[in-house]
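Listing of query-v5.cif; format and content: mmCIF, C-alpha atoms.
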data_entry
loop_
_atom_site.label_atom_id
_atom_site.label_comp_id
_atom_site.auth_asym_id
_atom_site.auth_seq_id
_atom_site.Cartn_x
_atom_site.Cartn_y
_atom_site.Cartn_z
CA MET A 43 9.19 -0.98 22.46
CA ASN A 44 10.60 -3.01 25.30
CA HIS A 45 8.12 -5.49 26.72
CA VAL A 46 5.83 -8.37 25.87
CA LEU A 47 2.24 -7.54 26.76
CA ALA A 48 -0.29 -10.32 27.38
CA CYS A 49 -4.05 -9.69 27.47
CA ILE A 50 -5.55 -11.61 30.40
CA ASP A 51 -9.27 -12.25 30.91
CA GLY A 52 -11.54 -14.96 32.29
CA SER A 53 -11.66 -17.02 29.10
CA ALA A 54 -10.45 -20.57 28.57
CA GLN A 55 -7.64 -19.10 26.43
CA ALA A 56 -6.01 -17.32 29.38
CA ALA A 57 -3.71 -20.20 30.32
CA ALA A 58 -2.44 -20.49 26.74
CA VAL A 59 -1.89 -16.72 26.62
CA CYS A 60 0.21 -16.99 29.79
CA ASP A 61 2.25 -19.91 28.42
CA CYS A 62 2.77 -18.19 25.07
CA ALA A 63 3.71 -14.86 26.63
CA ALA A 64 6.12 -16.51 29.07
CA TRP A 65 7.85 -18.29 26.18
CA ALA A 66 8.07 -15.08 24.13
CA SER A 67 9.30 -13.01 27.08
CA GLN A 68 12.14 -15.42 27.76
CA ARG A 69 13.09 -15.79 24.09
CA LEU A 70 13.18 -12.02 23.61
CA GLU A 71 14.70 -11.39 27.05
CA ALA A 72 12.02 -8.74 27.44
CA PRO A 73 9.94 -7.86 30.51
CA LEU A 74 6.45 -9.36 30.62
CA VAL A 75 3.39 -7.25 31.40
CA LEU A 76 0.05 -8.91 32.17
CA LEU A 77 -2.90 -6.66 31.34
CA HIS A 78 -6.53 -6.96 32.40
CA VAL A 79 -9.03 -4.41 31.08
CA LEU A 80 -12.39 -4.03 32.79
CA ASP A 81 -14.94 -3.15 30.12
CA ARG A 82 -16.47 0.17 31.09
CA GLN A 83 -19.63 -0.60 29.09
CA GLN A 84 -20.29 -3.72 31.13
CA PHE A 85 -18.97 -2.31 34.42
CA PRO A 86 -19.14 1.52 34.46
CA ALA A 87 -16.74 3.19 36.85
CA THR A 88 -19.53 5.27 38.36
CA GLY A 89 -23.31 5.05 38.41
CA ASN A 90 -24.75 5.76 34.97
CA LEU A 91 -28.20 6.84 36.16
CA SER A 92 -27.50 10.54 36.71
CA GLY A 93 -29.64 11.54 33.75
CA ILE A 94 -32.81 10.26 35.41
CA ILE A 95 -33.55 13.15 37.75
CA GLY A 96 -36.72 14.49 39.27
CA LEU A 97 -38.61 11.27 39.73
CA GLY A 98 -39.59 12.16 43.29
CA SER A 99 -40.49 8.96 45.12
CA ARG A 100 -38.12 6.97 42.91
CA GLU A 101 -35.03 8.74 44.24
CA TYR A 102 -34.36 5.94 46.71
CA LEU A 103 -34.55 3.37 43.90
CA LEU A 104 -32.02 5.36 41.87
CA GLU A 105 -29.65 5.40 44.84
CA GLU A 106 -30.03 1.66 45.25
CA LEU A 107 -29.35 1.03 41.55
CA ALA A 108 -26.29 3.28 41.63
CA ALA A 109 -25.01 1.44 44.70
CA LEU A 110 -25.58 -1.88 42.93
CA ASP A 111 -23.60 -0.67 39.91
CA GLU A 112 -20.77 0.36 42.20
CA LYS A 113 -20.80 -3.01 43.94
CA ARG A 114 -20.75 -4.91 40.64
CA SER A 115 -17.84 -2.80 39.46
CA LYS A 116 -15.87 -3.45 42.67
CA LEU A 117 -16.52 -7.20 42.42
CA ALA A 118 -15.40 -7.19 38.78
CA LEU A 119 -12.23 -5.33 39.72
CA GLU A 120 -11.48 -7.86 42.43
CA GLU A 121 -12.13 -10.72 40.02
CA GLY A 122 -9.68 -9.11 37.61
CA ARG A 123 -7.05 -8.85 40.33
CA MET A 124 -7.50 -12.54 41.06
CA MET A 125 -7.10 -13.37 37.35
CA LEU A 126 -3.89 -11.35 37.22
CA ALA A 127 -2.59 -12.99 40.40
CA ALA A 128 -3.20 -16.46 38.96
CA ALA A 129 -1.62 -15.44 35.64
CA LYS A 130 1.41 -14.07 37.48
CA GLN A 131 1.92 -17.32 39.34
CA ARG A 132 1.65 -19.32 36.11
CA VAL A 133 4.27 -17.28 34.22
CA ILE A 134 6.60 -17.28 37.24
CA ALA A 135 6.33 -21.07 37.30
CA ALA A 136 7.21 -21.02 33.59
CA GLY A 137 10.42 -19.14 34.35
CA VAL A 138 9.57 -15.43 34.08
CA ALA A 139 11.37 -13.67 36.91
CA GLN A 140 9.44 -10.45 37.55
CA PRO A 141 6.19 -10.15 35.60
CA GLU A 142 4.26 -6.91 36.02
CA CYS A 143 0.48 -6.80 36.46
CA ARG A 144 -1.65 -3.92 35.22
CA GLN A 145 -5.38 -3.38 35.49
CA ARG A 146 -7.26 -0.71 33.55
CA HIS A 147 -10.89 0.37 33.46
CA GLY A 148 -12.06 1.25 29.96
CA ASP A 149 -11.90 -0.12 26.44
CA LEU A 150 -9.40 -2.77 25.32
CA LEU A 151 -8.53 -1.04 22.05
CA GLU A 152 -8.05 2.32 23.76
CA SER A 153 -5.89 0.73 26.45
CA LEU A 154 -3.70 -1.04 23.89
CA HIS A 155 -3.38 2.16 21.89
CA ASP A 156 -2.25 4.04 25.02
CA LEU A 157 0.34 1.37 25.82
CA GLN A 158 1.44 0.70 22.24
CA ALA A 159 4.67 2.70 22.35
CA ASP A 160 6.17 0.31 24.92
CA ILE A 161 4.92 -2.93 23.36
CA ARG A 162 7.45 -5.14 21.59
CA LEU A 163 5.03 -8.03 21.10
CA LEU A 164 1.33 -8.34 21.91
CA VAL A 165 0.02 -11.77 22.93
CA ILE A 166 -3.72 -12.33 22.83
CA GLY A 167 -6.09 -15.30 22.82
CA ARG A 168 -8.15 -16.19 19.78
CA GLN A 169 -11.30 -16.12 21.92
CA GLY A 170 -12.11 -13.79 24.78
CA GLU A 171 -14.44 -14.27 27.71
CA ASP A 172 -17.15 -12.44 25.76
CA SER A 173 -17.17 -15.20 23.11
CA SER A 174 -19.94 -17.77 23.03
CA GLY A 175 -19.26 -21.46 22.68
CA LEU A 176 -19.98 -21.27 18.95
CA GLN A 177 -17.90 -18.12 18.40
CA LEU A 178 -14.48 -19.19 17.19
CA ILE A 179 -12.75 -15.83 17.53
CA GLY A 180 -13.19 -13.02 20.02
CA SER A 181 -15.41 -10.10 19.08
CA GLN A 182 -12.57 -7.56 19.49
CA LEU A 183 -9.72 -9.55 17.97
CA GLU A 184 -10.19 -8.35 14.40
CA SER A 185 -10.28 -4.74 15.57
CA VAL A 186 -7.06 -5.25 17.52
CA ILE A 187 -5.38 -6.78 14.45
CA ARG A 188 -6.53 -3.93 12.22
CA THR A 189 -5.50 -1.08 14.51
CA MET A 190 -2.34 -2.20 16.34
CA GLN A 191 1.01 -1.32 14.79
CA ARG A 192 2.97 -3.94 16.69
CA PRO A 193 3.57 -7.65 16.05
CA ILE A 194 0.66 -9.71 17.39
CA LEU A 195 0.86 -13.35 18.46
CA VAL A 196 -2.60 -14.94 18.53
CA THR A 197 -2.85 -18.23 20.39
CA PRO A 198 -5.59 -20.88 20.38
CA ALA A 199 -6.69 -22.78 23.48
CA SER A 200 -3.29 -24.40 24.05
CA PHE A 201 0.28 -23.37 23.34
CA THR A 202 3.42 -25.41 22.75
CA PRO A 203 6.74 -23.76 21.87
CA PRO A 204 7.05 -24.06 18.08
CA LYS A 205 9.70 -26.17 16.41
CA SER A 206 8.74 -25.12 12.88
CA LEU A 207 6.97 -22.21 11.23
CA LEU A 208 5.38 -21.37 7.91
CA LEU A 209 6.24 -17.88 6.67
CA ALA A 210 3.66 -16.81 4.08
CA PHE A 211 5.77 -14.79 1.65
CA ASP A 212 4.37 -12.67 -1.19
CA GLY A 213 7.41 -10.62 -2.16
CA SER A 214 5.91 -7.38 -0.83
CA ALA A 215 7.87 -4.84 1.20
CA THR A 216 5.98 -6.01 4.30
CA THR A 217 6.96 -9.66 3.94
CA ARG A 218 10.54 -8.76 3.00
CA LYS A 219 10.65 -6.71 6.19
CA GLY A 220 9.19 -9.73 7.96
CA VAL A 221 12.20 -11.77 6.86
CA GLU A 222 14.47 -9.06 8.27
CA MET A 223 12.55 -9.11 11.56
CA ILE A 224 12.92 -12.88 11.86
CA VAL A 225 16.65 -12.65 11.11
CA SER A 226 17.25 -9.88 13.66
CA SER A 227 15.03 -11.18 16.49
CA PRO A 228 15.84 -14.00 18.93
CA LEU A 229 12.14 -14.96 19.14
CA LEU A 230 12.28 -17.65 16.45
CA ARG A 231 15.95 -18.51 16.57
CA GLY A 232 16.46 -22.24 15.95
CA VAL A 233 12.95 -22.78 14.57
CA ALA A 234 12.84 -24.43 11.13
CA ILE A 235 11.31 -22.12 8.51
CA HIS A 236 9.10 -23.11 5.60
CA LEU A 237 9.16 -20.13 3.22
CA VAL A 238 6.03 -20.47 1.10
CA MET A 239 4.89 -18.23 -1.75
CA VAL A 240 1.48 -18.69 -3.37
CA GLY A 241 1.58 -17.24 -6.87
CA ALA A 242 2.68 -17.64 -10.47
CA ASP A 243 5.77 -19.72 -11.18
CA SER A 244 7.65 -16.77 -12.68
CA GLY A 245 11.26 -15.69 -12.74
CA GLU A 246 10.42 -12.65 -10.63
CA ASN A 247 8.71 -14.70 -7.91
CA ARG A 248 11.52 -17.24 -7.86
CA ALA A 249 14.08 -14.46 -7.52
CA LEU A 250 12.17 -12.88 -4.61
CA LEU A 251 11.84 -16.26 -2.90
CA LYS A 252 15.55 -17.01 -3.45
CA SER A 253 16.61 -13.66 -1.98
CA ALA A 254 14.52 -14.27 1.15
CA GLU A 255 15.89 -17.81 1.47
CA GLU A 256 19.48 -16.60 1.22
CA ALA A 257 18.92 -14.02 3.97
CA LEU A 258 17.51 -16.67 6.30
CA VAL A 259 20.20 -19.23 5.50
CA ALA A 260 22.88 -16.58 6.12
CA ALA A 261 21.35 -16.16 9.59
CA GLN A 262 21.75 -19.93 10.11
CA PHE A 263 18.08 -20.87 9.87
CA GLU A 264 17.02 -24.21 8.46
CA VAL A 265 14.94 -23.18 5.43
CA HIS A 266 12.55 -25.03 3.13
CA THR A 267 11.02 -23.15 0.18
CA ALA A 268 7.93 -23.71 -1.95
CA LEU A 269 6.29 -21.75 -4.78
CA LEU A 270 2.73 -22.97 -5.16
CA GLY A 271 -0.24 -22.08 -7.36
CA GLY A 272 -3.85 -21.79 -6.24
CA GLU A 273 -5.93 -19.94 -3.66
CA VAL A 274 -3.91 -18.54 -0.77
CA GLU A 275 -5.91 -19.79 2.21
CA PRO A 276 -6.45 -23.46 1.31
CA ILE A 277 -2.93 -23.79 -0.09
CA LEU A 278 -1.30 -22.46 3.07
CA HIS A 279 -3.48 -24.58 5.33
CA ALA A 280 -2.82 -27.72 3.28
CA TYR A 281 0.93 -27.12 3.32
CA GLN A 282 0.91 -26.45 7.05
CA ALA A 283 -1.04 -29.64 7.74
CA GLN A 284 1.11 -31.74 5.40
CA HIS A 285 4.32 -30.68 7.14
CA ALA A 286 2.89 -30.54 10.69
CA ILE A 287 4.00 -26.94 11.15
CA ASP A 288 3.56 -25.43 14.61
CA LEU A 289 3.31 -21.70 13.85
CA LEU A 290 1.96 -19.58 11.00
CA VAL A 291 3.72 -16.25 10.38
CA MET A 292 2.36 -13.59 8.06
CA GLY A 293 2.75 -9.91 7.29
CA ALA A 294 -0.38 -8.10 8.36
CA TYR A 295 -0.39 -5.91 5.27
CA GLY A 296 0.92 -6.29 1.74
CA HIS A 297 -0.05 -5.42 -1.81
CA SER A 298 -1.11 -8.79 -3.17
CA ARG A 299 -3.63 -11.53 -2.45
CA ILE A 300 -2.15 -12.07 1.01
CA ARG A 301 -3.28 -8.53 1.90
CA GLN A 302 -6.80 -9.40 0.74
CA PHE A 303 -6.43 -12.62 2.71
CA LEU A 304 -5.73 -10.74 5.94
CA VAL A 305 -8.06 -7.79 5.55
CA GLY A 306 -11.82 -8.19 5.65
CA SER A 307 -13.82 -11.39 5.84
CA THR A 308 -10.87 -13.66 5.06
CA THR A 309 -9.16 -12.58 8.28
CA THR A 310 -12.03 -14.11 10.21
CA SER A 311 -11.87 -17.24 8.10
CA MET A 312 -8.15 -17.62 8.76
CA LEU A 313 -8.46 -17.19 12.49
CA ARG A 314 -11.35 -19.60 12.62
CA SER A 315 -9.64 -22.34 10.69
CA THR A 316 -6.11 -22.28 12.04
CA THR A 317 -5.39 -24.61 14.94
CA THR A 318 -1.92 -23.24 15.67
CA PRO A 319 -0.66 -19.87 16.89
CA LEU A 320 -0.60 -17.08 14.32
CA LEU A 321 2.10 -14.38 14.37
CA LEU A 322 1.22 -11.20 12.47
CA LEU A 323 4.21 -9.03 11.65
CA ARG A 324 4.15 -5.27 11.18
#
Would you mind writing the structure in this file as structure tokens?
Amino acid sequence: MNHVLACIDGSAQAAAVCDCAAWASQRLEAPLVLLHVLDRQQFPATGNLSGIIGLGSREYLLEELAALDEKRSKLALEEGRMMLAAAKQRVIAAGVAQPECRQRHGDLLESLHDLQADIRLLVIGRQGEDSSGLQLIGSQLESVIRTMQRPILVTPASFTPPKSLLLAFDGSATTRKGVEMIVSSPLLRGVAIHLVMVGADSGENRALLKSAEEALVAAQFEVHTALLGGEVEPILHAYQAQHAIDLLVMGAYGHSRIRQFLVGSTTTSMLRSTTTPLLLLR
């Protein structure tokens, strides 16, 4: 795991992905890789008409259609190269010294799975170019979140380096590990942390919250804690809005209501409603 990987496409989110990835790359002092994946379903690598054989007089038409498929694929590849070139110039302007560009032909999930071993942080836009104007999250984003075993930073249409973050803490092994990741990583160094637990006001929860707070304070973070009752999603959103917090950080899996919050239909609800970047820890 040694580089930041940013998913680049032709969506309106691409500029924010570049800005976010450039920030993360410099904070982590990790190489930045810009990835564009050409969807093989939309642009097959070769003509997909080989099964229609023996049509006699239609052979010429089949050749023409195959040639058209090949031309569309070449144009799409060139468009992807142009996207990557523009993305490269943007991140260089943001201070990244030697970004690497990669282009693959296939499926996004398969490509990310193949590259996963070298990914330290994945940066992806909330909407892709396949999203309609009314679609608030990309059609593949949930699948990426479910399958990737690396931290994922999801950005909306614009990105500003965060000055504060809300860490949704539920006391699970995943969120305790999340605290350790924040302490050990330079990514969020100097960012004020709001450590928020949604649950019963019990001695056990207070002890878990206190332990996490002490670990963060020992690492010289500015920490604010809160133990709140109610439903996870509205409580976290209300707290984030009240304190004008720039970044939401959550463990992708846990054993409590936060796990239910992130898995299934509530994942979509969260991504739709948040207006700030969302960092999912593994």
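Atom to atom, CA of Gln158 in chain A and CA of Thr189 in chain A stand 10.5 Å apart.
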Nearest to Gly232 in chain A among A:Ser244, A:Ser315, A:Gln131, A:Ser206, with distances taken over all atoms listed in the file: which residue is it? A:Ser206
Determine the axis-aligned bounding box of all atoms of range 282-291 of chain A present in the file, pad each side by 6 Å, and express its centre and edge lengths in Å to one decimal place as JSON.
{"center_x": 1.6, "center_y": -24.0, "center_z": 10.0, "size_x": 17.4, "size_y": 27.5, "size_z": 21.2}
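Shortest separation to Ile166 in chain A among A:Asp149, A:Glu222, A:Asp51, A:Glu142 occurs at residue A:Asp51, atoms counted being only C-alpha atoms.
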Give me the residues within 12 Å of Leu250 in chain A as a ChimeraX atom specification, counting all atoms listed in the file and dropping any in the same chain fewer than 2 places off. /A:211-215,217-218,221,237-239,241,243-248,252-257,267-269
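Interatomic distance, CA of Asp81 in chain A against CA of Leu150 in chain A: 7.3 Å.
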Write out as a PDB file with C-alpha atoms, keeping the file's coordinate frame which residues come within 7 Å of Thr318 in chain A when counting only C-alpha atoms, dropping same-chain ones fewer than 6 positions away.
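Final output, around-v7.pdb:
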ATOM      1  CA  THR A 197      -2.850 -18.230  20.390  1.00  0.00           C
ATOM      2  CA  PRO A 198      -5.590 -20.880  20.380  1.00  0.00           C
ATOM      3  CA  ASP A 288       3.560 -25.430  14.610  1.00  0.00           C
ATOM      4  CA  LEU A 289       3.310 -21.700  13.850  1.00  0.00           C
TER       5      LEU A 289
END
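With all atoms listed in the file as the atoms that count, the minimum distance from Ala286 in chain A to the choices A:Val259, A:Leu251, A:Ser227, A:Leu207 is reached by A:Leu207.
Computed from the coordinates, the CA of Lys130 in chain A to CA of Ile50 in chain A distance equals 10.2 Å.
Closest to Gln169 in chain A among A:Ala283, A:Ala64, A:Ala54, A:Met190 is A:Ala54, based on only C-alpha atoms.
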Applied to the shown file, which residues does the PyMOL selection byres ((chain A and resi 138) around 8) return, written as a PyMOL selection string? chain A and resi 64+67-68+74+133-137+139-141
Convert the output of the PyMOL selection byres ((chain A and resi 276) around 12) on the shown file into explicit residues, formatted as a PyMOL selection string. chain A and resi 240+270-275+277-284+303+308+311-312+315-316
Keeping only C-alpha atoms, write the selected residues to a file as a compact mmCIF listing (two decimals), keeping the file's coordinate frame.
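Now in selection_25.txt:
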# COMPACT_ATOMS: atom_id res chain seq x y z
CA VAL A 240 1.48 -18.69 -3.37
CA LEU A 270 2.73 -22.97 -5.16
CA GLY A 271 -0.24 -22.08 -7.36
CA GLY A 272 -3.85 -21.79 -6.24
CA GLU A 273 -5.93 -19.94 -3.66
CA VAL A 274 -3.91 -18.54 -0.77
CA GLU A 275 -5.91 -19.79 2.21
CA ILE A 277 -2.93 -23.79 -0.09
CA LEU A 278 -1.30 -22.46 3.07
CA HIS A 279 -3.48 -24.58 5.33
CA ALA A 280 -2.82 -27.72 3.28
CA TYR A 281 0.93 -27.12 3.32
CA GLN A 282 0.91 -26.45 7.05
CA ALA A 283 -1.04 -29.64 7.74
CA GLN A 284 1.11 -31.74 5.40
CA PHE A 303 -6.43 -12.62 2.71
CA THR A 308 -10.87 -13.66 5.06
CA SER A 311 -11.87 -17.24 8.10
CA MET A 312 -8.15 -17.62 8.76
CA SER A 315 -9.64 -22.34 10.69
CA THR A 316 -6.11 -22.28 12.04
Which neighbours of range 56-58 of chain A fall inside 9 Å, counting only C-alpha atoms, when residues of the same chain fewer than 6 positions from it are skipped, and could you give them as a list in words? Cys49, Ile50, Met125, Ala129, Arg132, Ile166, Gly167, Gly170, Thr197, Pro198, Ala199, Ser200, Phe201 and Thr202 of chain A
Given the point (11.6, -3.0, 26.4) in the coordinates of this file, which residues lie within 9 Å, counting only C-alpha atoms, and how would they look as a VMD selection string? chain A and resid 43 to 46 71 to 73 160 to 162
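Here the PyMOL selection byres ((chain A and resi 225) around 10) captures the residues Lys219, Gly220, Val221, Glu222, Met223, Ile224, Ser226, Ser227, Pro228, Leu229, Leu230, Arg231, Ala257, Leu258, Val259, Ala260, Ala261, Gln262 and Phe263 of chain A.
Among the candidates A:Leu320, A:Val196, A:Val291, A:Ala118, the one nearest to Arg146 in chain A when counting only C-alpha atoms is A:Ala118.
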